[in-house]
Amino acid sequence: MSAATMVNPAIGVAGRFGAYGGRYVPETLMAALEELEAAYAEAEADPAFHAELDGLLHHYCGRPTPLYFAKRLSEQLGGAKIYLKREDLLHTGAHKINNALGQGLLARRMGKQRIIAETGAGQHGVATATVCALLGLECVIYMGDEDMRRQELNVYRMRLLGADVRGVSAGSATLKDAISEAMRDWVTNVRSTYYILGSALGAHPYPTMVRNFHRVIGIEARQQVLEMEGKLPTAIVACVGGGSNAIGAFYEFLPDANVQLIGVEAGGRGTALGEHAARFQTAGGGVPGVLQGTYSYVLQNDAGQVSLTHSVSAGLDYASVGPEHAMLHDSGRATYVSCNDADALAATVTLARTEGILPALESAHAVAEAIRLAPTMLKTDVLMVNLSGRGDKDMGILARELNLQGALAHAD
Amino acid sequence: MPINFAKKPGIVAYLTAGDPDLETTKAIALAAIDNGADVIELGVPFSDPLADGPVIQRASERAVAKGTRLTDVLAVAKELRAERPECGLVIFSYLNPVVRMGMEKFCAAAAEAGADGVLLTDMIVEEAGEYLESMRTHGLAPIFLAAPTSPDARLKAIAESSKGFVYAISRVGVTGTQQQVAGDASELVARLRRFTELPIAVGFGISNAAHVKAVGEFADAAIIGSALVALIEKTSPEQAATAVGEFIAGLRG
């Protein structure tokens with residue numbers, strides 16, 4: 001399919017990012033997507049909606065988040081000045097609350113009492129469960145069995161907050177399968193239910209709406225870096241699963257052609273299909289296709305069956321990627337690299353021991369790329385990393401992978 | 001055009017191709033046709049069947065695991081067409097396997113195999129520009145889904161973009177069985193009638209003779225999917241064609 005000609009010229013459709021995006025869903029969901037699109041447009045134009053959202057982002061979530069100069073890390077690497085945008089300090093521990101809060105307020109405005117969401121690492125699930133508790137809404141979270149196992153602490157958090165967490169055993173029992181199950185719930189309960197999709201994925205208007213709720217990251221960072229350095233950053237690095245934190249960090253800088261935008265995908269444990277989640281990887285990477293409502297790069301075999309993926313980080317472990325990133329990739333405005341499991345784990349340790357900051361394994365992929373990049377840059381360069389989440393949720397994985405139990409035994 | 005429902009109500013039989021294997025799928029399809037199915041929907045198995053309930057999900061998973069490809073499904077279609085020139089034949093797929101093959105190449109191959117129509121689960125009319133053009137070029141009938149939630153303006157666009165028949169979804173939700181035909185279905189068919197003279201077939205949750213009779217009172221045909229796939233799941237491959245044949249024969253009471 002040459003995507004440019006896919007759209008029916010007689011009717012037309014919104015929600016395109018170049019060739020990518022669009023709406024590829026069962027017809028039953030179309031009325032709900034049209035209702036959502038209209039309600040979002042109305043809310044977006046309503047100052048009262050923004051006033052309530054901004055108030056909660058400030059008083060409840062802790063925005064603006066700091067832009068922190070990582071002095072020791074920068075000195076140790078001996079190149080660019082590294083700044084961390086501290087989304088890890090937000091309430092619930094990751095950027096995800098920006099979007100969950102925005103969509104939660106929208107759901108309440110639309111009169112929907114029942115909320116469903118998918119989650120991979122559990123951060124979007126926790127954010128959604130939190131917002132539902134705050135707004136008094138019923139909450140059902142779909143999560144792959146494999147992710148429930150490896151992000152167990154977040155499962156407990158969601159349940160404590162009152163959410164009904166439902167395991168999904170299909171496929172690879174990870175994020176992709178949780179999204180499919182959430183869509184099945186939505187198509188069944190479409191008249192009463194609002195689906196808070198957690199990344200810049202899915203059918204229009206989700207990729208645009210989720211990006212807009214995360215734009216605040218880049219808006220703040222732009223102002224902060226200008227105040228602190230008197231200039232724009234040389235480069236911005238962010239991890240990319242579905243791509244919500246990255247698009248939020250990148251968006252305000254898109255017109256600044258001299259600011260490099262670098263997305264970091266999960267390189268997993270190898271370059272063969274099934275061993276990673278690097279959709280933009282040249283060999284063994286994705287090709288354009290349709291998964292879960294949108295046209296974007298998809299890891300798949302030559303018969304169009306979607307591949308299994310692997311990453312140590314549940315939040316990056318997904319076979320497709322937000323359609324706006326597909327457009328930025330093709331246009332060359334952003335570049336996409338990958339970082340493997342081992343380098344992400346090593347970067348976690350490095351950041352913890354030089355700065356006393358424990359990044360989420362997802363965000364550690366961006367930190368790893370910054371560690372690789374900084375020494376190749378000038379001391380006058382500014383390298384900004386979007387530290388999208390904190391790593392408390394990963395302590396089980398880190399204890400196992402880094403043999404921390406053994407280290408503790410020695411310490412005794 | 002072989003899509004016609006001479007007997008009322010017509011019967012459309014959905015099969016997940018490659019479950020339990022392609023040879024058995026072909027034998028089952030022949031038995032279904034010989035026992036009264038007017039149209040066969042050959043389902044292309046997909047790794048992520050988000051519009052399907054557990055029964056068709058499991059069948060897809062088994063067929064994908066066996067390596068069933070879109071090209072294999074088209075080969076079965078071609079053999080069916082050669083052996084039963086009068087039956088209606090529809091290729092039923094999620095979009096991605098078709099996109100991977102290439103829309104134009106797929107439509108050419110489906111026409112060459114002798115298919116009458118195509119139904120793409122996650123293709124809505126707004127996105128169907130290139131699809132409709134290729135379908136027209138190759139003389140194939142695009143069949144779109146209509147849902148109880150579709151407002152009239154969408155039903156009109158769906159009716160005008162469809163050929164062969166319109167697939168009316170009996171209720172909100174995924175594929176799978178239910179106790180009785182939902183009230184949603186007759187209302188949807190009545191709304192659709194205002195926009196089209198094409199036959200209207202009702203699917204989702206139609207699993208026995210009583211359902212078929214109920215659908216016959218307000219629509220042209222009943223689509224049987226999960227009930228057949230479940231029957232095939234619990235029957236040995238050697239017995240599957242006979243079992244499906246008897247099941248289809250019993251549907252018109």
# chains A, B, ... in the order shown; residues from 1 in each chain; ligands from 1
>>> residues_around(residues="Met135 in chain B", least_positions_apart="5", cutoff="9 Å", atoms="only C-alpha atoms", output="list of chain:residue names")
B:Glu104, B:Cys107, B:Ala108, B:Ala111, B:Gly117, B:Val118, B:Glu130, B:Leu140, B:Ala141, B:Pro142
>>> write_last_selection(atoms="all heavy atoms", output="CSV table (one decimal), in the first residue's frame")
chain,number,residue,atom,x,y,z
B,104,GLU,N,-2.6,-3.7,-4.3
B,104,GLU,CA,-2.9,-4.0,-5.7
B,104,GLU,C,-2.6,-5.4,-6.1
B,104,GLU,O,-3.3,-6.1,-6.7
B,104,GLU,CB,-2.1,-3.0,-6.6
B,104,GLU,CG,-2.1,-3.3,-8.1
B,104,GLU,CD,-3.5,-3.3,-8.7
B,104,GLU,OE1,-4.4,-2.6,-8.2
B,104,GLU,OE2,-3.6,-4.0,-9.7
B,107,CYS,N,-5.2,-7.7,-4.5
B,107,CYS,CA,-6.5,-7.7,-5.2
B,107,CYS,C,-6.4,-8.5,-6.5
B,107,CYS,O,-7.3,-9.3,-6.9
B,107,CYS,CB,-7.0,-6.3,-5.5
B,107,CYS,SG,-7.5,-5.4,-4.0
B,108,ALA,N,-5.3,-8.3,-7.2
B,108,ALA,CA,-5.0,-9.1,-8.5
B,108,ALA,C,-5.0,-10.6,-8.2
B,108,ALA,O,-5.6,-11.4,-8.9
B,108,ALA,CB,-3.7,-8.6,-9.1
B,111,ALA,N,-8.5,-11.9,-7.2
B,111,ALA,CA,-9.4,-12.1,-8.4
B,111,ALA,C,-8.9,-13.3,-9.2
B,111,ALA,O,-9.7,-14.1,-9.7
B,111,ALA,CB,-9.3,-10.8,-9.3
B,117,GLY,N,-15.3,-11.6,-3.4
B,117,GLY,CA,-15.3,-10.4,-2.6
B,117,GLY,C,-14.2,-10.4,-1.5
B,117,GLY,O,-13.6,-11.5,-1.4
B,118,VAL,N,-14.0,-9.3,-0.8
B,118,VAL,CA,-13.0,-9.2,0.2
B,118,VAL,C,-13.7,-8.5,1.4
B,118,VAL,O,-14.4,-7.5,1.2
B,118,VAL,CB,-11.8,-8.4,-0.3
B,118,VAL,CG1,-10.8,-8.2,0.9
B,118,VAL,CG2,-11.1,-9.2,-1.4
B,130,GLU,N,-7.4,3.6,-1.9
B,130,GLU,CA,-6.7,2.7,-2.8
B,130,GLU,C,-7.3,1.4,-2.9
B,130,GLU,O,-7.3,0.7,-3.9
B,130,GLU,CB,-5.2,2.6,-2.3
B,130,GLU,CG,-4.3,1.8,-3.2
B,130,GLU,CD,-3.0,1.5,-2.6
B,130,GLU,OE1,-2.7,1.9,-1.4
B,130,GLU,OE2,-2.1,1.0,-3.3
B,140,LEU,N,-13.8,-7.0,-8.0
B,140,LEU,CA,-14.1,-7.7,-6.7
B,140,LEU,C,-15.1,-6.9,-5.9
B,140,LEU,O,-15.1,-5.6,-6.0
B,140,LEU,CB,-12.8,-7.9,-5.9
B,140,LEU,CG,-11.8,-8.9,-6.4
B,140,LEU,CD1,-10.4,-8.7,-5.7
B,140,LEU,CD2,-12.3,-10.3,-6.3
B,141,ALA,N,-15.8,-7.5,-5.1
B,141,ALA,CA,-16.8,-6.8,-4.2
B,141,ALA,C,-16.2,-6.5,-2.9
B,141,ALA,O,-15.8,-7.4,-2.1
B,141,ALA,CB,-18.1,-7.7,-4.0
B,142,PRO,N,-16.1,-5.2,-2.5
B,142,PRO,CA,-15.7,-4.9,-1.2
B,142,PRO,C,-16.9,-4.9,-0.2
B,142,PRO,O,-17.9,-4.3,-0.5
B,142,PRO,CB,-15.2,-3.4,-1.3
B,142,PRO,CG,-15.9,-2.9,-2.5
B,142,PRO,CD,-16.4,-4.0,-3.4
>>> interface_residues(of="chain B", to="chain A", cutoff="7 Å", atoms="only C-alpha atoms", output="CSV table (one decimal) with C-alpha atoms, in the first residue's frame")
chain,number,residue,atom,x,y,z
B,46,PHE,CA,-3.5,-13.0,12.0
B,47,SER,CA,-1.3,-12.7,15.0
B,50,LEU,CA,-8.4,-7.7,18.1
B,51,ALA,CA,-12.0,-7.9,16.9
B,69,ARG,CA,0.1,-17.4,4.9
B,70,LEU,CA,-2.2,-15.2,2.9
B,95,LEU,CA,-5.4,-5.4,7.0
B,96,ASN,CA,-1.7,-6.0,7.8
B,97,PRO,CA,-1.1,-9.3,5.9
B,99,VAL,CA,-0.7,-4.4,3.3
B,100,ARG,CA,2.4,-6.6,3.5
B,102,GLY,CA,0.7,-4.9,-1.4
B,103,MET,CA,-2.9,-3.8,-1.9
B,121,THR,CA,-11.9,-6.2,9.5
B,122,ASP,CA,-10.0,-3.1,10.3
B,123,MET,CA,-10.6,-1.1,7.1
B,124,ILE,CA,-13.2,1.7,7.4
B,126,GLU,CA,-12.7,6.7,5.1
B,127,GLU,CA,-9.4,4.9,4.6
B,128,ALA,CA,-10.4,2.8,1.7
B,129,GLY,CA,-9.3,5.0,-1.3
B,130,GLU,CA,-6.7,2.7,-2.8
B,145,LEU,CA,-19.0,-4.0,8.3
B,146,ALA,CA,-21.9,-1.9,9.7
B,147,ALA,CA,-22.3,-1.7,13.4
B,149,THR,CA,-23.1,2.1,16.9
B,150,SER,CA,-22.7,3.5,13.3
B,172,VAL,CA,-21.4,-4.4,20.0
B,173,GLY,CA,-18.5,-6.6,21.1
B,174,VAL,CA,-16.1,-9.1,19.6
>>> atom_distance(atom1="CA of Ser162 in chain B", atom2="CA of Ala113 in chain B")
20.6 Å
>>> closest_residue(among="B:Val202, B:Val181, B:Glu86, B:Arg154", to="Glu34 in chain A", atoms="only C-alpha atoms")
B:Arg154
>>> select_by_dssp(residues="range 79-181 of chain B", states="strand (DSSP E)", output="ChimeraX atom specification")
/B:88-93,117-120,141-142,145-146,166-169
>>> residues_around(residues="range 268-277 of chain A", least_positions_apart="6", cutoff="12 Å", atoms="only C-alpha atoms", output="PyMOL selection string")
chain A and resi 172+175-176+239-242+283-287+297-302+305-321+337-345+361-362+365
>>> closest_residue(among="B:Gly67, B:Gly139, B:Gly203, B:Pro54", to="Leu188 in chain B", atoms="only C-alpha atoms")
B:Gly203
>>> residues_around(residues="Lys66 in chain B", least_positions_apart="3", cutoff="9 Å", atoms="only C-alpha atoms", output="ChimeraX atom specification")
/B:18-21,61-63
>>> select_by_dssp(residues="range 88-288 of chain A", states="helix (DSSP H, G or I)", output="NGL selection string")
:A and (88-89 or 91-93 or 96-109 or 123-135 or 145-150 or 152-160 or 175-188 or 206-229 or 244-253)
>>> residues_around(residues="range 247-256 of chain A", least_positions_apart="3", cutoff="7 Å", atoms="only C-alpha atoms", output="ChimeraX atom specification")
/A:211,214-219,243-244,259,261,386
>>> write_last_selection(atoms="N, CA and C atoms", output="mmCIF file, in the first residue's frame")
data_model
loop_
_atom_site.group_PDB
_atom_site.id
_atom_site.type_symbol
_atom_site.label_atom_id
_atom_site.label_comp_id
_atom_site.auth_asym_id
_atom_site.auth_seq_id
_atom_site.Cartn_x
_atom_site.Cartn_y
_atom_site.Cartn_z
ATOM 1 N N ARG A 211 0.125 13.165 22.484
ATOM 2 C CA ARG A 211 1.264 14.075 22.290
ATOM 3 C C ARG A 211 0.983 15.438 22.916
ATOM 4 N N HIS A 214 1.453 15.663 26.535
ATOM 5 C CA HIS A 214 2.860 15.585 26.956
ATOM 6 C C HIS A 214 3.715 16.740 26.432
ATOM 7 N N ARG A 215 3.122 17.624 25.647
ATOM 8 C CA ARG A 215 3.889 18.766 25.118
ATOM 9 C C ARG A 215 4.493 19.605 26.232
ATOM 10 N N VAL A 216 3.855 19.588 27.384
ATOM 11 C CA VAL A 216 4.318 20.374 28.526
ATOM 12 C C VAL A 216 5.786 20.057 28.856
ATOM 13 N N ILE A 217 6.225 18.841 28.591
ATOM 14 C CA ILE A 217 7.629 18.467 28.864
ATOM 15 C C ILE A 217 8.565 19.379 28.072
ATOM 16 N N GLY A 218 8.332 19.468 26.776
ATOM 17 C CA GLY A 218 9.195 20.269 25.916
ATOM 18 C C GLY A 218 9.031 21.766 26.139
ATOM 19 N N ILE A 219 7.786 22.177 26.439
ATOM 20 C CA ILE A 219 7.533 23.608 26.679
ATOM 21 C C ILE A 219 8.339 24.076 27.890
ATOM 22 N N GLY A 243 6.369 5.886 22.242
ATOM 23 C CA GLY A 243 6.986 7.162 21.898
ATOM 24 C C GLY A 243 6.356 8.381 22.537
ATOM 25 N N SER A 244 5.611 8.213 23.643
ATOM 26 C CA SER A 244 4.899 9.376 24.191
ATOM 27 C C SER A 244 5.840 10.368 24.882
ATOM 28 N N VAL A 259 18.583 21.788 16.533
ATOM 29 C CA VAL A 259 18.502 20.915 17.717
ATOM 30 C C VAL A 259 18.287 19.470 17.235
ATOM 31 N N LEU A 261 17.318 15.701 17.411
ATOM 32 C CA LEU A 261 16.351 14.919 18.184
ATOM 33 C C LEU A 261 16.696 13.443 18.005
ATOM 34 N N ASN A 386 15.641 13.238 28.355
ATOM 35 C CA ASN A 386 14.349 13.200 29.030
ATOM 36 C C ASN A 386 14.317 11.972 29.938
#
>>> residues_around(residues="range 354-356 of chain A", least_positions_apart="2", cutoff="7 Å", atoms="only C-alpha atoms", output="PyMOL selection string")
chain A and resi 70+72-73+350-352+358
>>> write_last_selection(atoms="all heavy atoms", output="PDB file, in the first residue's frame")
ATOM      1  N   ALA A  70      23.531  17.560  35.331  1.00  0.00           N
ATOM      2  CA  ALA A  70      24.221  16.392  35.897  1.00  0.00           C
ATOM      3  C   ALA A  70      25.725  16.635  35.820  1.00  0.00           C
ATOM      4  O   ALA A  70      26.412  16.183  34.903  1.00  0.00           O
ATOM      5  CB  ALA A  70      23.813  15.121  35.149  1.00  0.00           C
ATOM      6  N   ARG A  72      28.424  15.833  37.825  1.00  0.00           N
ATOM      7  CA  ARG A  72      29.407  14.753  38.001  1.00  0.00           C
ATOM      8  C   ARG A  72      29.439  13.817  36.779  1.00  0.00           C
ATOM      9  O   ARG A  72      30.509  13.420  36.315  1.00  0.00           O
ATOM     10  CB  ARG A  72      29.112  13.965  39.280  1.00  0.00           C
ATOM     11  CG  ARG A  72      29.951  14.438  40.479  1.00  0.00           C
ATOM     12  CD  ARG A  72      29.524  13.807  41.783  1.00  0.00           C
ATOM     13  NE  ARG A  72      29.466  12.355  41.800  1.00  0.00           N
ATOM     14  CZ  ARG A  72      30.532  11.546  41.958  1.00  0.00           C
ATOM     15  NH1 ARG A  72      31.732  12.051  42.096  1.00  0.00           N
ATOM     16  NH2 ARG A  72      30.374  10.236  41.978  1.00  0.00           N
ATOM     17  N   LEU A  73      28.270  13.485  36.274  1.00  0.00           N
ATOM     18  CA  LEU A  73      28.214  12.613  35.092  1.00  0.00           C
ATOM     19  C   LEU A  73      28.891  13.300  33.903  1.00  0.00           C
ATOM     20  O   LEU A  73      29.683  12.684  33.174  1.00  0.00           O
ATOM     21  CB  LEU A  73      26.758  12.255  34.753  1.00  0.00           C
ATOM     22  CG  LEU A  73      26.566  11.319  33.560  1.00  0.00           C
ATOM     23  CD1 LEU A  73      27.159   9.936  33.835  1.00  0.00           C
ATOM     24  CD2 LEU A  73      25.087  11.181  33.195  1.00  0.00           C
ATOM     25  N   THR A 350      25.461   3.478  36.372  1.00  0.00           N
ATOM     26  CA  THR A 350      26.275   4.693  36.241  1.00  0.00           C
ATOM     27  C   THR A 350      25.538   5.917  36.769  1.00  0.00           C
ATOM     28  O   THR A 350      26.094   6.699  37.555  1.00  0.00           O
ATOM     29  CB  THR A 350      26.661   4.919  34.763  1.00  0.00           C
ATOM     30  OG1 THR A 350      27.393   3.778  34.318  1.00  0.00           O
ATOM     31  CG2 THR A 350      27.510   6.172  34.591  1.00  0.00           C
ATOM     32  N   LEU A 351      24.285   6.074  36.361  1.00  0.00           N
ATOM     33  CA  LEU A 351      23.541   7.258  36.801  1.00  0.00           C
ATOM     34  C   LEU A 351      23.286   7.201  38.312  1.00  0.00           C
ATOM     35  O   LEU A 351      23.392   8.220  39.001  1.00  0.00           O
ATOM     36  CB  LEU A 351      22.213   7.391  36.043  1.00  0.00           C
ATOM     37  CG  LEU A 351      21.494   8.727  36.280  1.00  0.00           C
ATOM     38  CD1 LEU A 351      22.293   9.902  35.704  1.00  0.00           C
ATOM     39  CD2 LEU A 351      20.083   8.722  35.692  1.00  0.00           C
ATOM     40  N   ALA A 352      22.982   6.011  38.811  1.00  0.00           N
ATOM     41  CA  ALA A 352      22.739   5.867  40.247  1.00  0.00           C
ATOM     42  C   ALA A 352      23.984   6.264  41.038  1.00  0.00           C
ATOM     43  O   ALA A 352      23.897   6.955  42.056  1.00  0.00           O
ATOM     44  CB  ALA A 352      22.331   4.430  40.573  1.00  0.00           C
ATOM     45  N   LEU A 358      18.090   7.033  40.316  1.00  0.00           N
ATOM     46  CA  LEU A 358      17.799   5.700  39.783  1.00  0.00           C
ATOM     47  C   LEU A 358      16.767   5.839  38.660  1.00  0.00           C
ATOM     48  O   LEU A 358      15.594   6.107  38.926  1.00  0.00           O
ATOM     49  CB  LEU A 358      17.250   4.822  40.917  1.00  0.00           C
ATOM     50  CG  LEU A 358      16.754   3.428  40.552  1.00  0.00           C
ATOM     51  CD1 LEU A 358      17.856   2.601  39.902  1.00  0.00           C
ATOM     52  CD2 LEU A 358      16.221   2.717  41.796  1.00  0.00           C
TER      53      LEU A 358
END
>>> residues_around(residues="Met395 in chain A", least_positions_apart="6", cutoff="12 Å", atoms="only C-alpha atoms", output="PDB file with N, CA and C atoms, in the first residue's frame")
ATOM      1  N   ARG A 150       7.055  -9.283  35.793  1.00  0.00           N
ATOM      2  CA  ARG A 150       8.303  -8.524  35.932  1.00  0.00           C
ATOM      3  C   ARG A 150       8.117  -7.123  36.504  1.00  0.00           C
ATOM      4  N   GLN A 151       6.863  -6.644  36.549  1.00  0.00           N
ATOM      5  CA  GLN A 151       6.610  -5.334  37.154  1.00  0.00           C
ATOM      6  C   GLN A 151       5.597  -5.498  38.281  1.00  0.00           C
ATOM      7  N   GLU A 152       5.858  -6.482  39.110  1.00  0.00           N
ATOM      8  CA  GLU A 152       4.930  -6.900  40.159  1.00  0.00           C
ATOM      9  C   GLU A 152       4.551  -5.750  41.108  1.00  0.00           C
ATOM     10  N   LEU A 153       5.538  -4.922  41.452  1.00  0.00           N
ATOM     11  CA  LEU A 153       5.262  -3.836  42.396  1.00  0.00           C
ATOM     12  C   LEU A 153       4.184  -2.896  41.877  1.00  0.00           C
ATOM     13  N   ASN A 154       4.217  -2.643  40.576  1.00  0.00           N
ATOM     14  CA  ASN A 154       3.200  -1.760  40.005  1.00  0.00           C
ATOM     15  C   ASN A 154       1.817  -2.410  40.008  1.00  0.00           C
ATOM     16  N   LEU A 345      21.216  -1.514  31.445  1.00  0.00           N
ATOM     17  CA  LEU A 345      21.488  -1.882  32.844  1.00  0.00           C
ATOM     18  C   LEU A 345      22.743  -1.164  33.356  1.00  0.00           C
ATOM     19  N   THR A 348      22.028   2.409  34.086  1.00  0.00           N
ATOM     20  CA  THR A 348      21.272   2.538  35.344  1.00  0.00           C
ATOM     21  C   THR A 348      22.241   2.659  36.518  1.00  0.00           C
ATOM     22  N   LEU A 358      18.090   7.033  40.316  1.00  0.00           N
ATOM     23  CA  LEU A 358      17.799   5.700  39.783  1.00  0.00           C
ATOM     24  C   LEU A 358      16.767   5.839  38.660  1.00  0.00           C
ATOM     25  N   PRO A 359      17.193   5.659  37.406  1.00  0.00           N
ATOM     26  CA  PRO A 359      16.240   5.810  36.292  1.00  0.00           C
ATOM     27  C   PRO A 359      15.431   4.538  36.083  1.00  0.00           C
ATOM     28  N   ALA A 360      14.230   4.683  35.534  1.00  0.00           N
ATOM     29  CA  ALA A 360      13.489   3.510  35.061  1.00  0.00           C
ATOM     30  C   ALA A 360      14.308   2.840  33.967  1.00  0.00           C
ATOM     31  N   LEU A 361      14.131   1.536  33.791  1.00  0.00           N
ATOM     32  CA  LEU A 361      14.890   0.836  32.745  1.00  0.00           C
ATOM     33  C   LEU A 361      14.593   1.406  31.360  1.00  0.00           C
ATOM     34  N   GLU A 401      19.307  -9.036  37.833  1.00  0.00           N
ATOM     35  CA  GLU A 401      20.257  -8.812  36.737  1.00  0.00           C
ATOM     36  C   GLU A 401      21.619  -8.329  37.230  1.00  0.00           C
ATOM     37  N   LEU A 402      21.613  -7.543  38.304  1.00  0.00           N
ATOM     38  CA  LEU A 402      22.876  -6.957  38.786  1.00  0.00           C
ATOM     39  C   LEU A 402      23.418  -7.721  39.989  1.00  0.00           C
ATOM     40  N   ASN A 403      22.760  -8.838  40.297  1.00  0.00           N
ATOM     41  CA  ASN A 403      23.221  -9.682  41.401  1.00  0.00           C
ATOM     42  C   ASN A 403      23.373  -8.892  42.703  1.00  0.00           C
ATOM     43  N   LEU A 404      22.387  -8.075  43.009  1.00  0.00           N
ATOM     44  CA  LEU A 404      22.481  -7.228  44.203  1.00  0.00           C
ATOM     45  C   LEU A 404      22.338  -8.030  45.492  1.00  0.00           C
ATOM     46  N   GLN A 405      21.612  -9.144  45.404  1.00  0.00           N
ATOM     47  CA  GLN A 405      21.484  -9.964  46.612  1.00  0.00           C
ATOM     48  C   GLN A 405      22.847 -10.511  47.014  1.00  0.00           C
TER      49      GLN A 405
END
>>> closest_residue(among="B:Leu119, B:Leu42, B:Ala31, B:Val189", to="Ala75 in chain B", atoms="only C-alpha atoms")
B:Leu42
>>> decode(residues="range 230-236 of chain A", atoms="all heavy atoms", output="CSV table (one decimal), in the first residue's frame")
chain,number,residue,atom,x,y,z
A,230,GLY,N,21.2,29.9,28.3
A,230,GLY,CA,21.1,31.0,27.3
A,230,GLY,C,21.1,30.5,25.9
A,230,GLY,O,21.3,31.3,24.9
A,231,LYS,N,20.9,29.3,25.6
A,231,LYS,CA,20.8,28.7,24.3
A,231,LYS,C,20.0,27.4,24.3
A,231,LYS,O,19.8,26.8,25.3
A,231,LYS,CB,22.2,28.5,23.7
A,231,LYS,CG,23.0,27.5,24.4
A,231,LYS,CD,24.4,27.3,23.8
A,231,LYS,CE,25.1,26.2,24.5
A,231,LYS,NZ,26.5,26.1,24.0
A,232,LEU,N,19.6,27.0,23.1
A,232,LEU,CA,18.9,25.7,22.9
A,232,LEU,C,19.9,24.6,23.0
A,232,LEU,O,21.1,24.7,22.8
A,232,LEU,CB,18.2,25.7,21.6
A,232,LEU,CG,17.0,26.7,21.4
A,232,LEU,CD1,16.4,26.7,20.0
A,232,LEU,CD2,15.9,26.4,22.5
A,233,PRO,N,19.4,23.4,23.4
A,233,PRO,CA,20.3,22.3,23.5
A,233,PRO,C,20.9,21.8,22.1
A,233,PRO,O,20.2,22.1,21.1
A,233,PRO,CB,19.4,21.1,24.1
A,233,PRO,CG,18.0,21.6,23.8
A,233,PRO,CD,18.0,23.1,23.7
A,234,THR,N,22.0,21.2,22.1
A,234,THR,CA,22.6,20.7,20.9
A,234,THR,C,21.8,19.5,20.4
A,234,THR,O,21.5,19.3,19.3
A,234,THR,CB,24.1,20.2,21.1
A,234,THR,OG1,24.7,21.3,21.8
A,234,THR,CG2,24.8,19.9,19.8
A,235,ALA,N,21.4,18.7,21.4
A,235,ALA,CA,20.6,17.4,21.1
A,235,ALA,C,19.7,17.1,22.3
A,235,ALA,O,20.0,17.4,23.4
A,235,ALA,CB,21.6,16.3,20.8
A,236,ILE,N,18.6,16.4,22.0
A,236,ILE,CA,17.7,15.9,23.0
A,236,ILE,C,17.6,14.4,22.8
A,236,ILE,O,17.4,14.0,21.6
A,236,ILE,CB,16.3,16.6,22.9
A,236,ILE,CG1,16.4,18.1,23.0
A,236,ILE,CG2,15.3,16.0,23.9
A,236,ILE,CD1,15.1,18.8,22.7
